[in-house]
Each structure stands twice: as C-alpha cells, then as structure tokens.
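Next up, start.pdb (PDB, C-alpha atoms):
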ATOM      1  CA  MET A  94     -31.126  -2.092 -13.028
ATOM      2  CA  SER A  95     -30.406  -4.069 -16.176
ATOM      3  CA  PHE A  96     -29.393  -7.719 -16.127
ATOM      4  CA  THR A  97     -25.851  -7.000 -17.375
ATOM      5  CA  VAL A  98     -25.204  -4.514 -14.577
ATOM      6  CA  GLU A  99     -26.514  -6.971 -11.980
ATOM      7  CA  LEU A 100     -24.301  -9.673 -13.441
ATOM      8  CA  ILE A 101     -21.193  -7.480 -13.210
ATOM      9  CA  ILE A 102     -22.017  -6.500  -9.615
ATOM     10  CA  CYS A 103     -22.605 -10.152  -8.652
ATOM     11  CA  ALA A 104     -19.315 -11.235 -10.209
ATOM     12  CA  LEU A 105     -17.404  -8.504  -8.358
ATOM     13  CA  VAL A 106     -19.064  -9.264  -5.012
ATOM     14  CA  LEU A 107     -18.305 -12.979  -5.422
ATOM     15  CA  LEU A 108     -14.692 -12.264  -6.389
ATOM     16  CA  GLY A 109     -14.290  -9.996  -3.354
ATOM     17  CA  GLY A 110     -15.834 -12.603  -1.072
ATOM     18  CA  LEU A 111     -13.598 -15.309  -2.534
ATOM     19  CA  PHE A 112     -10.414 -13.335  -1.858
ATOM     20  CA  ALA A 113     -11.531 -12.393   1.661
ATOM     21  CA  LEU A 114     -12.134 -16.105   2.283
ATOM     22  CA  LEU A 115      -8.753 -17.093   0.804
ATOM     23  CA  GLY A 116      -7.050 -14.518   3.012
ATOM     24  CA  SER A 117      -8.760 -15.879   6.113
ATOM     25  CA  ILE A 118      -7.929 -19.486   5.234
ATOM     26  CA  GLY A 119      -4.335 -18.367   4.744
ATOM     27  CA  VAL A 120      -4.154 -16.890   8.246
ATOM     28  CA  LEU A 121      -5.360 -20.224   9.605
ATOM     29  CA  LYS A 122      -3.174 -22.428   7.440
ATOM     30  CA  MET A 123       0.273 -20.781   7.342
ATOM     31  CA  SER A 124       2.950 -22.264   9.555
ATOM     32  CA  ASP A 125       4.546 -19.283  11.353
ATOM     33  CA  PHE A 126       3.795 -15.691  12.278
ATOM     34  CA  TYR A 127       5.780 -14.137   9.423
ATOM     35  CA  THR A 128       4.125 -16.140   6.654
ATOM     36  CA  ARG A 129       0.745 -15.473   8.291
ATOM     37  CA  LEU A 130       1.330 -11.745   7.747
ATOM     38  CA  HIS A 131       1.015 -12.256   3.985
ATOM     39  CA  ALA A 132      -2.463 -13.769   3.925
ATOM     40  CA  PRO A 133      -4.580 -10.729   4.951
ATOM     41  CA  THR A 134      -3.075  -8.692   2.075
ATOM     42  CA  LEU A 135      -5.334 -10.686  -0.262
ATOM     43  CA  ALA A 136      -8.450  -9.529   1.594
ATOM     44  CA  ALA A 137      -7.188  -5.961   1.924
ATOM     45  CA  THR A 138      -6.372  -5.479  -1.778
ATOM     46  CA  VAL A 139      -8.386  -7.391  -4.395
ATOM     47  CA  GLY A 140     -10.940  -8.631  -1.833
ATOM     48  CA  MET A 141     -11.848  -5.186  -0.609
ATOM     49  CA  GLY A 142     -11.247  -3.529  -3.986
ATOM     50  CA  SER A 143     -13.795  -5.577  -5.883
ATOM     51  CA  LEU A 144     -16.422  -5.170  -3.151
ATOM     52  CA  LEU A 145     -15.961  -1.395  -3.273
ATOM     53  CA  ILE A 146     -16.112  -1.270  -7.088
ATOM     54  CA  ALA A 147     -19.316  -3.317  -6.903
ATOM     55  CA  SER A 148     -20.675  -0.815  -4.368
ATOM     56  CA  ILE A 149     -19.748   2.157  -6.583
ATOM     57  CA  ILE A 150     -21.504   0.614  -9.609
ATOM     58  CA  ALA A 151     -24.570  -0.460  -7.620
ATOM     59  CA  PHE A 152     -25.218   2.897  -5.960
ATOM     60  CA  THR A 153     -24.308   4.968  -9.013
ATOM     61  CA  VAL A 154     -26.817   3.044 -11.149
ATOM     62  CA  ARG A 155     -29.533   2.860  -8.503
ATOM     63  CA  GLU A 156     -29.462   6.481  -7.436
ATOM     64  CA  GLN A 157     -28.526   7.883 -10.855
ATOM     65  CA  ARG A 158     -25.662   9.969  -9.437
ATOM     66  CA  LEU A 159     -21.969   9.286  -9.040
ATOM     67  CA  SER A 160     -21.198   7.597  -5.731
ATOM     68  CA  ALA A 161     -17.480   7.752  -5.095
ATOM     69  CA  HIS A 162     -16.952   7.842  -1.344
ATOM     70  CA  GLU A 163     -15.990   4.165  -1.569
ATOM     71  CA  LEU A 164     -12.713   5.377  -3.068
ATOM     72  CA  LEU A 165     -11.951   7.045   0.273
ATOM     73  CA  ILE A 166     -12.161   3.667   2.011
ATOM     74  CA  THR A 167      -9.640   2.372  -0.518
ATOM     75  CA  LEU A 168      -7.339   5.287   0.250
ATOM     76  CA  PHE A 169      -7.538   4.755   4.019
ATOM     77  CA  VAL A 170      -6.945   1.014   3.760
ATOM     78  CA  MET A 171      -4.008   1.596   1.392
ATOM     79  CA  ILE A 172      -2.448   3.881   4.006
ATOM     80  CA  THR A 173      -3.190   1.779   7.101
ATOM     81  CA  ALA A 174      -2.664  -1.815   5.886
ATOM     82  CA  PRO A 175       1.130  -1.523   5.328
ATOM     83  CA  VAL A 176       1.569   0.246   8.682
ATOM     84  CA  THR A 177      -0.269  -2.561  10.496
ATOM     85  CA  ALA A 178       1.807  -5.226   8.742
ATOM     86  CA  HIS A 179       5.015  -3.362   9.609
ATOM     87  CA  MET A 180       4.091  -2.944  13.295
ATOM     88  CA  LEU A 181       3.056  -6.601  13.605
ATOM     89  CA  ALA A 182       6.322  -7.770  12.057
ATOM     90  CA  LYS A 183       8.310  -5.465  14.327
ATOM     91  CA  VAL A 184       6.564  -6.764  17.458
ATOM     92  CA  ALA A 185       7.059 -10.372  16.321
ATOM     93  CA  LEU A 186      10.790  -9.749  15.939
ATOM     94  CA  HIS A 187      11.053  -8.132  19.349
ATOM     95  CA  GLN A 188       9.252 -11.048  20.958
ATOM     96  CA  ARG A 189      11.681 -13.349  19.137
ATOM     97  CA  GLN A 190       8.911 -15.224  17.363
ATOM     98  CA  GLN A 191      10.488 -18.248  15.693
ATOM     99  CA  SER A 192      10.206 -18.392  11.915
ATOM    100  CA  VAL A 193       9.473 -21.722  10.221
ATOM    101  CA  ALA A 194      12.519 -24.010   9.918
ATOM    102  CA  ASN A 195      13.101 -23.677   6.158
ATOM    103  CA  THR A 196      13.146 -19.836   6.181
ATOM    104  CA  ARG A 197      16.101 -18.564   4.191
ATOM    105  CA  ASN A 198      18.483 -15.935   5.680
ATOM    106  CA  LYS A 199      17.358 -16.750   9.215
ATOM    107  CA  ALA A 200      20.631 -15.304  10.469
ATOM    108  CA  LEU A 201      19.359 -11.861   9.469
ATOM    109  CA  THR A 202      16.660 -11.825  12.188
ATOM    110  CA  GLU A 203      19.019 -10.615  14.946
ATOM    111  CA  LYS A 204      20.361  -7.846  12.676
ATOM    112  CA  ILE A 205      16.840  -6.784  11.715
ATOM    113  CA  ARG A 206      15.746  -6.690  15.330
ATOM    114  CA  LYS A 207      18.625  -4.357  16.180
ATOM    115  CA  ARG A 208      18.159  -2.360  12.946
ATOM    116  CA  LEU A 209      21.755  -3.023  11.944
ATOM    117  CA  PRO A 210      23.047  -3.330   8.367
ATOM    118  CA  PRO A 211      23.270  -6.973   7.206
ATOM    119  CA  GLU A 212      27.088  -7.252   7.167
TER     120      GLU A 212
ATOM    121  CA  MET B 249       5.721  37.338  -6.323
ATOM    122  CA  VAL B 250       3.478  34.629  -7.773
ATOM    123  CA  ASN B 251       5.627  32.059  -6.071
ATOM    124  CA  ARG B 252       5.329  33.819  -2.702
ATOM    125  CA  LEU B 253       1.567  34.016  -3.045
ATOM    126  CA  ARG B 254       1.439  30.321  -3.866
ATOM    127  CA  LEU B 255       3.587  29.447  -0.852
ATOM    128  CA  PHE B 256       1.373  31.585   1.367
ATOM    129  CA  TRP B 257      -1.960  30.154   0.304
ATOM    130  CA  PHE B 258      -0.893  26.635  -0.677
ATOM    131  CA  PRO B 259       2.210  25.575   1.282
ATOM    132  CA  SER B 260       1.623  21.995   0.082
ATOM    133  CA  PRO B 261      -0.590  22.021  -3.018
ATOM    134  CA  TRP B 262      -0.953  18.238  -3.264
ATOM    135  CA  LEU B 263      -2.202  18.047   0.320
ATOM    136  CA  SER B 264      -4.707  20.814  -0.442
ATOM    137  CA  LEU B 265      -5.964  18.945  -3.499
ATOM    138  CA  LEU B 266      -6.238  15.707  -1.510
ATOM    139  CA  LEU B 267      -8.188  17.413   1.289
ATOM    140  CA  PHE B 268     -10.536  19.080  -1.200
ATOM    141  CA  VAL B 269     -11.276  15.817  -3.028
ATOM    142  CA  ALA B 270     -11.529  13.866   0.248
ATOM    143  CA  TRP B 271     -14.070  16.370   1.585
ATOM    144  CA  LEU B 272     -16.257  16.042  -1.525
ATOM    145  CA  MET B 273     -16.000  12.250  -1.332
ATOM    146  CA  LEU B 274     -16.837  12.135   2.373
ATOM    147  CA  ASN B 275     -20.042  14.026   1.632
ATOM    148  CA  ASN B 276     -20.513  12.142  -1.653
ATOM    149  CA  SER B 277     -21.630  15.407  -3.229
ATOM    150  CA  ALA B 278     -20.383  18.250  -5.415
ATOM    151  CA  ALA B 279     -23.030  20.764  -4.346
ATOM    152  CA  PRO B 280     -21.834  24.424  -4.343
ATOM    153  CA  GLY B 281     -21.910  24.611  -0.543
ATOM    154  CA  HIS B 282     -19.588  21.642  -0.219
ATOM    155  CA  LEU B 283     -17.285  23.055  -2.909
ATOM    156  CA  VAL B 284     -16.875  26.258  -0.897
ATOM    157  CA  LEU B 285     -16.444  24.512   2.457
ATOM    158  CA  GLY B 286     -14.004  22.027   0.909
ATOM    159  CA  ALA B 287     -11.963  24.846  -0.608
ATOM    160  CA  LEU B 288     -11.828  26.632   2.768
ATOM    161  CA  LEU B 289     -10.623  23.458   4.491
ATOM    162  CA  ALA B 290      -8.109  22.802   1.708
ATOM    163  CA  ILE B 291      -6.592  26.247   2.325
ATOM    164  CA  ALA B 292      -6.865  26.351   6.132
ATOM    165  CA  ILE B 293      -5.628  22.889   7.158
ATOM    166  CA  PRO B 294      -2.293  22.885   5.245
ATOM    167  CA  ARG B 295      -1.604  26.460   6.435
ATOM    168  CA  LEU B 296      -2.269  25.583  10.080
ATOM    169  CA  THR B 297      -0.214  22.389   9.953
ATOM    170  CA  ALA B 298       2.585  23.637   7.678
ATOM    171  CA  ARG B 299       5.014  24.149  10.546
ATOM    172  CA  LEU B 300       4.350  20.776  12.185
ATOM    173  CA  GLY B 301       5.903  18.499   9.558
ATOM    174  CA  ASP B 302       9.461  18.062   8.363
ATOM    175  CA  PRO B 303      10.067  19.451   4.892
ATOM    176  CA  GLN B 304       9.626  16.656   2.366
ATOM    177  CA  PRO B 305      10.696  16.441  -1.272
ATOM    178  CA  THR B 306       7.742  17.395  -3.450
ATOM    179  CA  MET B 307       6.407  15.438  -6.386
ATOM    180  CA  LYS B 308       8.157  16.798  -9.478
ATOM    181  CA  ARG B 309       6.617  14.555 -12.136
ATOM    182  CA  PRO B 310       2.881  14.042 -11.420
ATOM    183  CA  VAL B 311       2.298  12.249 -14.741
ATOM    184  CA  LEU B 312       4.867   9.619 -13.803
ATOM    185  CA  ALA B 313       3.154   9.327 -10.407
ATOM    186  CA  ILE B 314      -0.121   8.388 -12.101
ATOM    187  CA  ARG B 315       1.740   5.799 -14.180
ATOM    188  CA  TYR B 316       3.328   4.468 -10.976
ATOM    189  CA  VAL B 317      -0.068   4.074  -9.274
ATOM    190  CA  LEU B 318      -1.490   2.205 -12.287
ATOM    191  CA  ARG B 319       1.576  -0.024 -12.450
ATOM    192  CA  VAL B 320       1.328  -0.860  -8.736
ATOM    193  CA  LEU B 321      -2.406  -1.599  -9.074
ATOM    194  CA  GLY B 322      -1.675  -3.976 -11.962
ATOM    195  CA  ASP B 323       1.075  -5.707  -9.972
ATOM    196  CA  ILE B 324      -1.204  -6.028  -6.930
ATOM    197  CA  ILE B 325      -3.896  -7.777  -8.975
ATOM    198  CA  ARG B 326      -1.393 -10.111 -10.680
ATOM    199  CA  ASP B 327       0.340 -10.982  -7.378
ATOM    200  CA  ASN B 328      -3.016 -11.605  -5.690
ATOM    201  CA  PHE B 329      -3.682 -14.550  -7.970
ATOM    202  CA  ARG B 330      -0.105 -15.813  -7.629
ATOM    203  CA  VAL B 331      -0.198 -15.627  -3.812
ATOM    204  CA  ALA B 332      -3.712 -17.122  -3.630
ATOM    205  CA  LEU B 333      -2.330 -20.213  -5.403
ATOM    206  CA  LEU B 334       0.721 -20.274  -3.095
ATOM    207  CA  ILE B 335      -1.459 -20.077   0.014
ATOM    208  CA  MET B 336      -3.761 -22.843  -1.166
ATOM    209  CA  GLY B 337      -0.805 -25.107  -2.060
ATOM    210  CA  PRO B 338       1.026 -27.271   0.471
ATOM    211  CA  ASN B 339       2.942 -25.304   3.111
ATOM    212  CA  GLN B 340       6.096 -27.385   2.630
ATOM    213  CA  ARG B 341       6.463 -26.127  -0.921
ATOM    214  CA  LEU B 342       6.816 -22.513   0.294
ATOM    215  CA  GLN B 343      10.277 -21.039   0.710
ATOM    216  CA  PRO B 344       9.843 -18.046   3.051
ATOM    217  CA  ALA B 345      12.815 -15.735   3.395
ATOM    218  CA  PHE B 346      14.112 -12.530   4.913
ATOM    219  CA  VAL B 347      15.767 -10.314   2.318
ATOM    220  CA  ALA B 348      17.971  -7.248   2.810
ATOM    221  CA  LEU B 349      17.262  -4.678   0.109
ATOM    222  CA  PRO B 350      20.003  -2.056  -0.445
ATOM    223  CA  LEU B 351      18.402   1.398  -0.752
ATOM    224  CA  GLU B 352      19.250   4.312  -3.005
ATOM    225  CA  LEU B 353      16.351   6.460  -1.770
ATOM    226  CA  HIS B 354      16.999   8.190   1.538
ATOM    227  CA  GLU B 355      14.206  10.749   1.923
ATOM    228  CA  PRO B 356      11.470   9.711   4.390
ATOM    229  CA  LEU B 357       8.443  10.286   2.125
ATOM    230  CA  PRO B 358       9.630   8.313  -0.939
ATOM    231  CA  LEU B 359      10.936   5.607   1.401
ATOM    232  CA  THR B 360       7.548   5.323   3.084
ATOM    233  CA  ILE B 361       5.847   5.010  -0.298
ATOM    234  CA  LEU B 362       8.347   2.333  -1.359
ATOM    235  CA  ALA B 363       7.856   0.355   1.874
ATOM    236  CA  GLY B 364       4.082   0.741   1.546
ATOM    237  CA  THR B 365       4.153  -0.500  -2.042
ATOM    238  CA  ILE B 366       6.174  -3.542  -1.015
ATOM    239  CA  SER B 367       3.725  -4.340   1.789
ATOM    240  CA  LEU B 368       0.653  -3.803  -0.399
ATOM    241  CA  THR B 369       1.813  -6.211  -3.106
ATOM    242  CA  PRO B 370       0.871  -9.646  -1.773
ATOM    243  CA  GLY B 371       3.800 -11.939  -1.035
ATOM    244  CA  THR B 372       6.175  -9.318   0.372
ATOM    245  CA  VAL B 373       6.026  -7.293   3.597
ATOM    246  CA  SER B 374       8.488  -4.591   4.625
ATOM    247  CA  VAL B 375       9.589  -5.464   8.134
ATOM    248  CA  GLU B 376      12.209  -2.946   9.209
ATOM    249  CA  ILE B 377      14.661  -0.352   8.008
ATOM    250  CA  SER B 378      18.249  -0.193   9.245
ATOM    251  CA  ASP B 379      19.181   2.773  11.415
ATOM    252  CA  ASP B 380      21.475   4.195   8.724
ATOM    253  CA  LYS B 381      18.542   4.075   6.224
ATOM    254  CA  LEU B 382      20.676   2.107   3.764
ATOM    255  CA  TRP B 383      18.846  -1.225   4.015
ATOM    256  CA  LEU B 384      15.184  -2.172   3.908
ATOM    257  CA  TYR B 385      14.427  -5.590   5.352
ATOM    258  CA  ILE B 386      11.555  -7.452   3.776
ATOM    259  CA  HIS B 387       9.944 -10.805   4.422
ATOM    260  CA  THR B 388       8.702 -12.762   1.450
ATOM    261  CA  LEU B 389       6.288 -15.673   1.414
ATOM    262  CA  HIS B 390       8.065 -17.505  -1.367
ATOM    263  CA  LEU B 391      11.558 -16.761  -2.668
ATOM    264  CA  ASP B 392      12.772 -18.206  -5.964
ATOM    265  CA  ASP B 393      15.800 -16.047  -6.584
ATOM    266  CA  GLU B 394      17.002 -13.394  -4.158
ATOM    267  CA  ALA B 395      18.893 -11.311  -6.738
ATOM    268  CA  GLU B 396      15.882 -11.344  -9.047
ATOM    269  CA  LEU B 397      13.513 -10.106  -6.320
ATOM    270  CA  ILE B 398      15.891  -7.285  -5.367
ATOM    271  CA  ALA B 399      16.347  -6.277  -9.019
ATOM    272  CA  HIS B 400      12.560  -6.394  -9.533
ATOM    273  CA  ILE B 401      11.793  -4.066  -6.609
ATOM    274  CA  LYS B 402      14.642  -1.688  -7.389
ATOM    275  CA  GLY B 403      13.927  -1.475 -11.101
ATOM    276  CA  ARG B 404      10.157  -1.375 -11.003
ATOM    277  CA  TYR B 405       9.426   0.721  -7.898
ATOM    278  CA  GLU B 406      12.520   2.421  -6.490
ATOM    279  CA  ALA B 407      13.759   3.771  -9.834
ATOM    280  CA  ALA B 408      10.270   5.103 -10.626
ATOM    281  CA  LEU B 409      10.036   6.854  -7.239
ATOM    282  CA  LYS B 410      13.474   8.384  -7.782
ATOM    283  CA  GLU B 411      12.217   9.835 -11.049
ATOM    284  CA  ILE B 412       8.947  11.116  -9.563
ATOM    285  CA  PHE B 413      10.620  12.894  -6.636
ATOM    286  CA  GLU B 414      13.858  13.636  -8.521
ATOM    287  CA  CYS B 415      15.976  12.736  -5.518
TER     288      CYS B 415
END

Could you spell out this file's structure in structure tokens?
Amino acid sequence: MSFTVELIICALVLLGGLFALLGSIGVLKMSDFYTRLHAPTLAATVGMGSLLIASIIAFTVREQRLSAHELLITLFVMITAPVTAHMLAKVALHQRQQSVANTRNKALTEKIRKRLPPE
Amino acid sequence: MVNRLRLFWFPSPWLSLLLFVAWLMLNNSAAPGHLVLGALLAIAIPRLTARLGDPQPTMKRPVLAIRYVLRVLGDIIRDNFRVALLIMGPNQRLQPAFVALPLELHEPLPLTILAGTISLTPGTVSVEISDDKLWLYIHTLHLDDEAELIAHIKGRYEAALKEIFEC
C-alpha cells in the first residue's frame, strides 16, 4: 500500500472518529431530551460515512478487488437512523418530557402529541 | 403485452434492482453463481410480496432522484460541520424550536423520504405528522428564522420529491 493511500485512509479514519466523538460529547452536553436527539446524527452520517469509505479504500487496495459491502451498511443506517430518532421523539412527547426553557413554539407540544394541526 | 410481461415478472422494478445489488454487495462478489442467485431472488421476492404492500407512486424521474441523493449528501456534510460547531459552543446560545411544516406531498412513500431526509440532515429531526397529513412537525437544534427554514425544506427537498414522483 503506497504512502498516499495510507495517508488518505488515516485522514478518513481520524475524521470519522472525530465526528463520532463530537456526537457522543453532544449527547452528554445538551440540556434536554429533544436537543440531545440531534447529537448522534453526527456520528451516524459523516462519522460512519468516512469510516466506511476508509474501509472500502483499504480493502479494495489490499485485496486488489472492489470491496463494496460497506455501502450496504450505509444504506441500512440511512433507513434506520431517522426511524429511531422519530420513535424516540414520539416517546419523549408521550412521556411529557420537558423541553429546555428557551425552546420556541413550546405551545405546539400538546398539538404534536395529539397529532393535531397547529391552529 | 410487453407491459403485462413486465408487470408479471417485475411488479416493482426498483425493488428488484435494489435486491439484486444488495445480494451482490452482501456477498461482496460478482461471480456468475451469485449473479444467477441474485437475479432469482430479485424476481421471486417482489412477486411474493407484491400483494402485501399498499400501492405506492413510482419514481418517474430517476435522473432527478440521483441528483436529489447527491444534493442531500452535500447538505448532510455541510450541516455536519455547522452542527458540530453548535454542539461545541455554549448551550445558552442555542435556540431550539418546534416548527410546523405545511405539507404539499400526501403520498406515504415520498413523505417518508422527506421525513427521513429531514432527520438525516444534522440539526433537524422530524418528530410527528398530523393525522390529516397536512403538517409535519420538526424539532430543530438552532432556529434563526422560522420562515427561512420552512422555505429551505420546501424548496430544496419537497419540491424535488414532487418532481421525482410527479405527485
């Protein structure tokens, strides 16, 4: 494996690790359940994406044949991540989780919980 | 006649293509044996499950769909950096908000893709849809201008999906 290829793989792995870390710090740091929901998206998109691209490059170069099953992982995560976020938000609303004090349009929460139109 | 044959063998051609490609990827191989087995699965599974699902609008403009995917990927990467900075900044500077997004799409499949896109772009999560399917409720980590966010989602994603599915 040439130095350039190794460099690219290293950069991608570090970038992926960085975003996974940022996502985890976000979960810890945010102030209410609803803002916490946003942090893992970082790890699930760019974090995971760059790790998988690094894996594709590494195995394609090392084994001299196209390795693409990493793309399937991307597909599955792209399908499941939004569903998880939606279910978590729904449960939080039903348990009447309080949103942080400066949330705008707080009055909407009751309407959302009952799936009513906003007016 | 051709159309009837197509409907018989490939009731949902995009699903067949997806299954075929997914099979080859799962095995990480394009050996002849896997091509044949993949093709068999791509024909059998959609035919066996055709009567289970509700009829959905089909993709009418596949080229636009590819453009949509690339656009969403670009937005995801850009928003990742924006949201990473927001998360690392002080919590008090964030302005979280619930937003009601008026919908023009009403078919389940395009709606699911729209809600998924909103959730996948960091900073916004789709929370709920109203029973009459006229409003999508989203939660955003930081809201500058409500009208601008609504216009952004409608113009960039919803309009594109309307074109792709022609509904």

Name the residues that the ChimeraX specification (/A :<8) & /B pulls out of this structure, and write them as an MDAnalysis selection string.
chainID B and resid 270 273:276 324:325 328 331:332 335:336 339 343:348 363:364 367:380 382:383 385 387:389

Expand the PyMOL selection byres ((chain A and resi 107-111) around 6) into the explicit residue set it covers here, and present it as a list of chain:residue names.
A:Ala104, A:Leu105, A:Val106, A:Phe112, A:Ala113, A:Leu114, A:Gly140, A:Ser143, A:Leu144

Can you spit out the residues from that selection as a tab-separated table (two decimals), in the frame of the given file, using C-alpha atoms?
chain	number	residue	atom	x	y	z
A	104	ALA	CA	-19.32	-11.24	-10.21
A	105	LEU	CA	-17.40	-8.50	-8.36
A	106	VAL	CA	-19.06	-9.26	-5.01
A	112	PHE	CA	-10.41	-13.34	-1.86
A	113	ALA	CA	-11.53	-12.39	1.66
A	114	LEU	CA	-12.13	-16.10	2.28
A	140	GLY	CA	-10.94	-8.63	-1.83
A	143	SER	CA	-13.80	-5.58	-5.88
A	144	LEU	CA	-16.42	-5.17	-3.15

10 Å contact set for stretch 401-413 of chain B, all atoms listed in the file, chain neighbours under 5 positions out, as a ChimeraX atom specification
/B:304-316,319-320,349-355,357-359,361-363,365-366,396

May I have the residues from that selection written out with C-alpha atoms, as a CSV table (one decimal), in the frame of the given file?
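The resulting file, selection_21.csv, is shown below:
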chain,number,residue,atom,x,y,z
B,304,GLN,CA,9.6,16.7,2.4
B,305,PRO,CA,10.7,16.4,-1.3
B,306,THR,CA,7.7,17.4,-3.4
B,307,MET,CA,6.4,15.4,-6.4
B,308,LYS,CA,8.2,16.8,-9.5
B,309,ARG,CA,6.6,14.6,-12.1
B,310,PRO,CA,2.9,14.0,-11.4
B,311,VAL,CA,2.3,12.2,-14.7
B,312,LEU,CA,4.9,9.6,-13.8
B,313,ALA,CA,3.2,9.3,-10.4
B,314,ILE,CA,-0.1,8.4,-12.1
B,315,ARG,CA,1.7,5.8,-14.2
B,316,TYR,CA,3.3,4.5,-11.0
B,319,ARG,CA,1.6,0.0,-12.4
B,320,VAL,CA,1.3,-0.9,-8.7
B,349,LEU,CA,17.3,-4.7,0.1
B,350,PRO,CA,20.0,-2.1,-0.4
B,351,LEU,CA,18.4,1.4,-0.8
B,352,GLU,CA,19.2,4.3,-3.0
B,353,LEU,CA,16.4,6.5,-1.8
B,354,HIS,CA,17.0,8.2,1.5
B,355,GLU,CA,14.2,10.7,1.9
B,357,LEU,CA,8.4,10.3,2.1
B,358,PRO,CA,9.6,8.3,-0.9
B,359,LEU,CA,10.9,5.6,1.4
B,361,ILE,CA,5.8,5.0,-0.3
B,362,LEU,CA,8.3,2.3,-1.4
B,363,ALA,CA,7.9,0.4,1.9
B,365,THR,CA,4.2,-0.5,-2.0
B,366,ILE,CA,6.2,-3.5,-1.0
B,396,GLU,CA,15.9,-11.3,-9.0

On this structure, which residues satisfy the PyMOL selection byres ((chain B and resi 261) around 12), written as a CSV table (one decimal) with C-alpha atoms, keeping the file's coordinate frame?
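Output contents, as saved in result-v3.csv:
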chain,number,residue,atom,x,y,z
B,254,ARG,CA,1.4,30.3,-3.9
B,255,LEU,CA,3.6,29.4,-0.9
B,256,PHE,CA,1.4,31.6,1.4
B,257,TRP,CA,-2.0,30.2,0.3
B,258,PHE,CA,-0.9,26.6,-0.7
B,259,PRO,CA,2.2,25.6,1.3
B,260,SER,CA,1.6,22.0,0.1
B,262,TRP,CA,-1.0,18.2,-3.3
B,263,LEU,CA,-2.2,18.0,0.3
B,264,SER,CA,-4.7,20.8,-0.4
B,265,LEU,CA,-6.0,18.9,-3.5
B,266,LEU,CA,-6.2,15.7,-1.5
B,267,LEU,CA,-8.2,17.4,1.3
B,268,PHE,CA,-10.5,19.1,-1.2
B,287,ALA,CA,-12.0,24.8,-0.6
B,290,ALA,CA,-8.1,22.8,1.7
B,291,ILE,CA,-6.6,26.2,2.3
B,292,ALA,CA,-6.9,26.4,6.1
B,293,ILE,CA,-5.6,22.9,7.2
B,294,PRO,CA,-2.3,22.9,5.2
B,295,ARG,CA,-1.6,26.5,6.4
B,298,ALA,CA,2.6,23.6,7.7
B,306,THR,CA,7.7,17.4,-3.4
B,307,MET,CA,6.4,15.4,-6.4

Using only the atoms of stretch 274-288 of chain B listed in the file, plus 4 Å on each side, state the axis-aligned box centre and edge lengths in Å rounded to one decimal, as lines of an AutoDock Vina configuration file.
center_x = -17.4
center_y = 19.4
center_z = -1.3
size_x = 19.2
size_y = 22.5
size_z = 16.2

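Reported to one decimal place, the separation of atom CA of B:Val250 from atom CA of B:Ala278 is 29.0 Å.
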
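Here atom CA of B:Lys381 is placed at a distance of 28.4 Å from atom CA of B:Gly322.
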
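Atom pair atom CA of B:Trp271 / atom CA of B:Val284: separated by 10.6 Å.
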
Compare A:Ser95, A:Thr167, A:Ser148, A:Gln188 by their minimum atom-to-atom distance to A:Glu203, counting only C-alpha atoms, and give me the closest one.
A:Gln188
